[in-house]
Amino acid sequence: MAAPSTAVRSMARDASVDEVCAALDAEGVVILEEFADEQTLRGLWADLEPRFEAQEWGEEGFIGNRTRRVCSLFAKTMHSATLIKERRFYGAAEYFLRRPVSTWINDERIELTPSMQVGFGQGIQIWPGETVQGLHRDDVVHLNRHPGPETRLVVMVALSDFTAENGGTWVVPGSHRWDDDRGPKLEEAVPTQMAAGSAVAWLGSTFHCGGPNNSGGPRTGVAFGLDSANVRQEENQYLAVPLEVVRQYPEDIQRLLGYDVAPPFLGYVELADPHDLLHGQREQLGMAGLLNVR
């Protein structure tokens with residue numbers, strides 16, 4: 001079955017975060033042009049191409065019988081940090097995921113702002129002969145109800161050109177506004193078409209799927225999810241990324257991998273910040289630290 005030819009909206013490299021957020025708010029999906037530069041693309045291919053070549057096919061329909069997946073990307077390419085912190089994507093994630101919540105402690109009303117964490121990092125290579133994946137929402141891992149607060153923003157970075165013929169991700173624009181009684185139909189989906197180095201970002205509540213590959217070669221991309229730090233990570237980063245690799249990343253990436261205290265006090269160890277323990281320190285947090293009011 002061929003997908004409709006309607007194009008997903010694209011935003012140029014110099015687009016503001018506000019413009020990207022407006023597009024995501026309206027459609028639930030947006031293409032971010034020139035997301036990764038040539039040096040980053042070359043580095044990603046150097047790190048991941050041998051791993052794709054060594055990877056077995058998926059064993060069931062949803063994972064893909066003609067699809068190769070490379071997981072634990074933060075353990076396998078340091079370029080993951082560059083992609084996850086790309087200005088437009090990271091800024092949009094902050095807008096959708098870091099919305100303050102107020103609560104009471106005795107007679108004092110305080111405001112807590114959620115932090116963020118990496119939900120998953122995965123390379124996805126769709127080969128000729130692959131069929132269309134089932135349409136789904138990525139926030140299903142959080143058992144979200146819709147409409148409701150967003151808990152995830154996903155980005156798929158194209159390492160090769162994405163086309164309607166080679167399995168460019170299919171998305172259903174506007175489906176982030178649907179309630180849970182409305183299911184998606186394949187004829188409502190639109191193929192993502194973009195050059196290598198560009199990316200498509202979608203909200204966790206947006207229906208999407210891997211497209212069928214009817215071309216003569218594979219379609220390769222890397223996908224990352226940024227989540228609210230108050231839900232469990234889909235991919236267990238504590239086991240996926242060895243500590244010696246975690247310590248090579250800067251502090252902001254270490255905290256995104258989960259070595260942080262999420263407001264109000266999720267993730268502490270013996271009342272201490274896990275990031276300090278990561279570096280052999282142990283200073284007990286006071287109430288202000290545990291509440292992480294900022």
# chains A, B, ... in the order shown; residues from 1 in each chain; ligands from 1
$ select_by_dssp --residues "range 127-290 of chain A" --states "helix (DSSP H, G or I)" --output "ChimeraX atom specification"
/A:138-142,175-177,186-188,237-240,243-246,251-256,274-278,287-290
$ residues_around --residues "Ile31 in chain A" --least-positions-apart "3" --cutoff "7 Å" --atoms "only C-alpha atoms" --output "MDAnalysis selection string"
chainID A and resid 8:11 199:201
$ residues_around --residues "Glu150 in chain A" --least-positions-apart "5" --cutoff "8 Å" --atoms "only C-alpha atoms" --output "list in words"
Phe96, Leu97, Leu203, Gly204 and Ser205 of chain A
$ select_by_dssp --residues "range 97-218 of chain A" --states "strand (DSSP E)" --output "PyMOL selection string"
chain A and resi 101-105+108-112+116-126+152-158+170-171+190-191+199-203+208-209
$ residues_around --residues "Gly217 in chain A" --least-positions-apart "6" --cutoff "12 Å" --atoms "only C-alpha atoms" --output "list of chain:residue names"
A:Arg66, A:Gln125, A:Ile126, A:Trp127, A:Pro128, A:Gly129, A:Glu130, A:Ser160, A:Asp161, A:Phe162, A:Thr163, A:Glu165, A:Asn166, A:Gly167
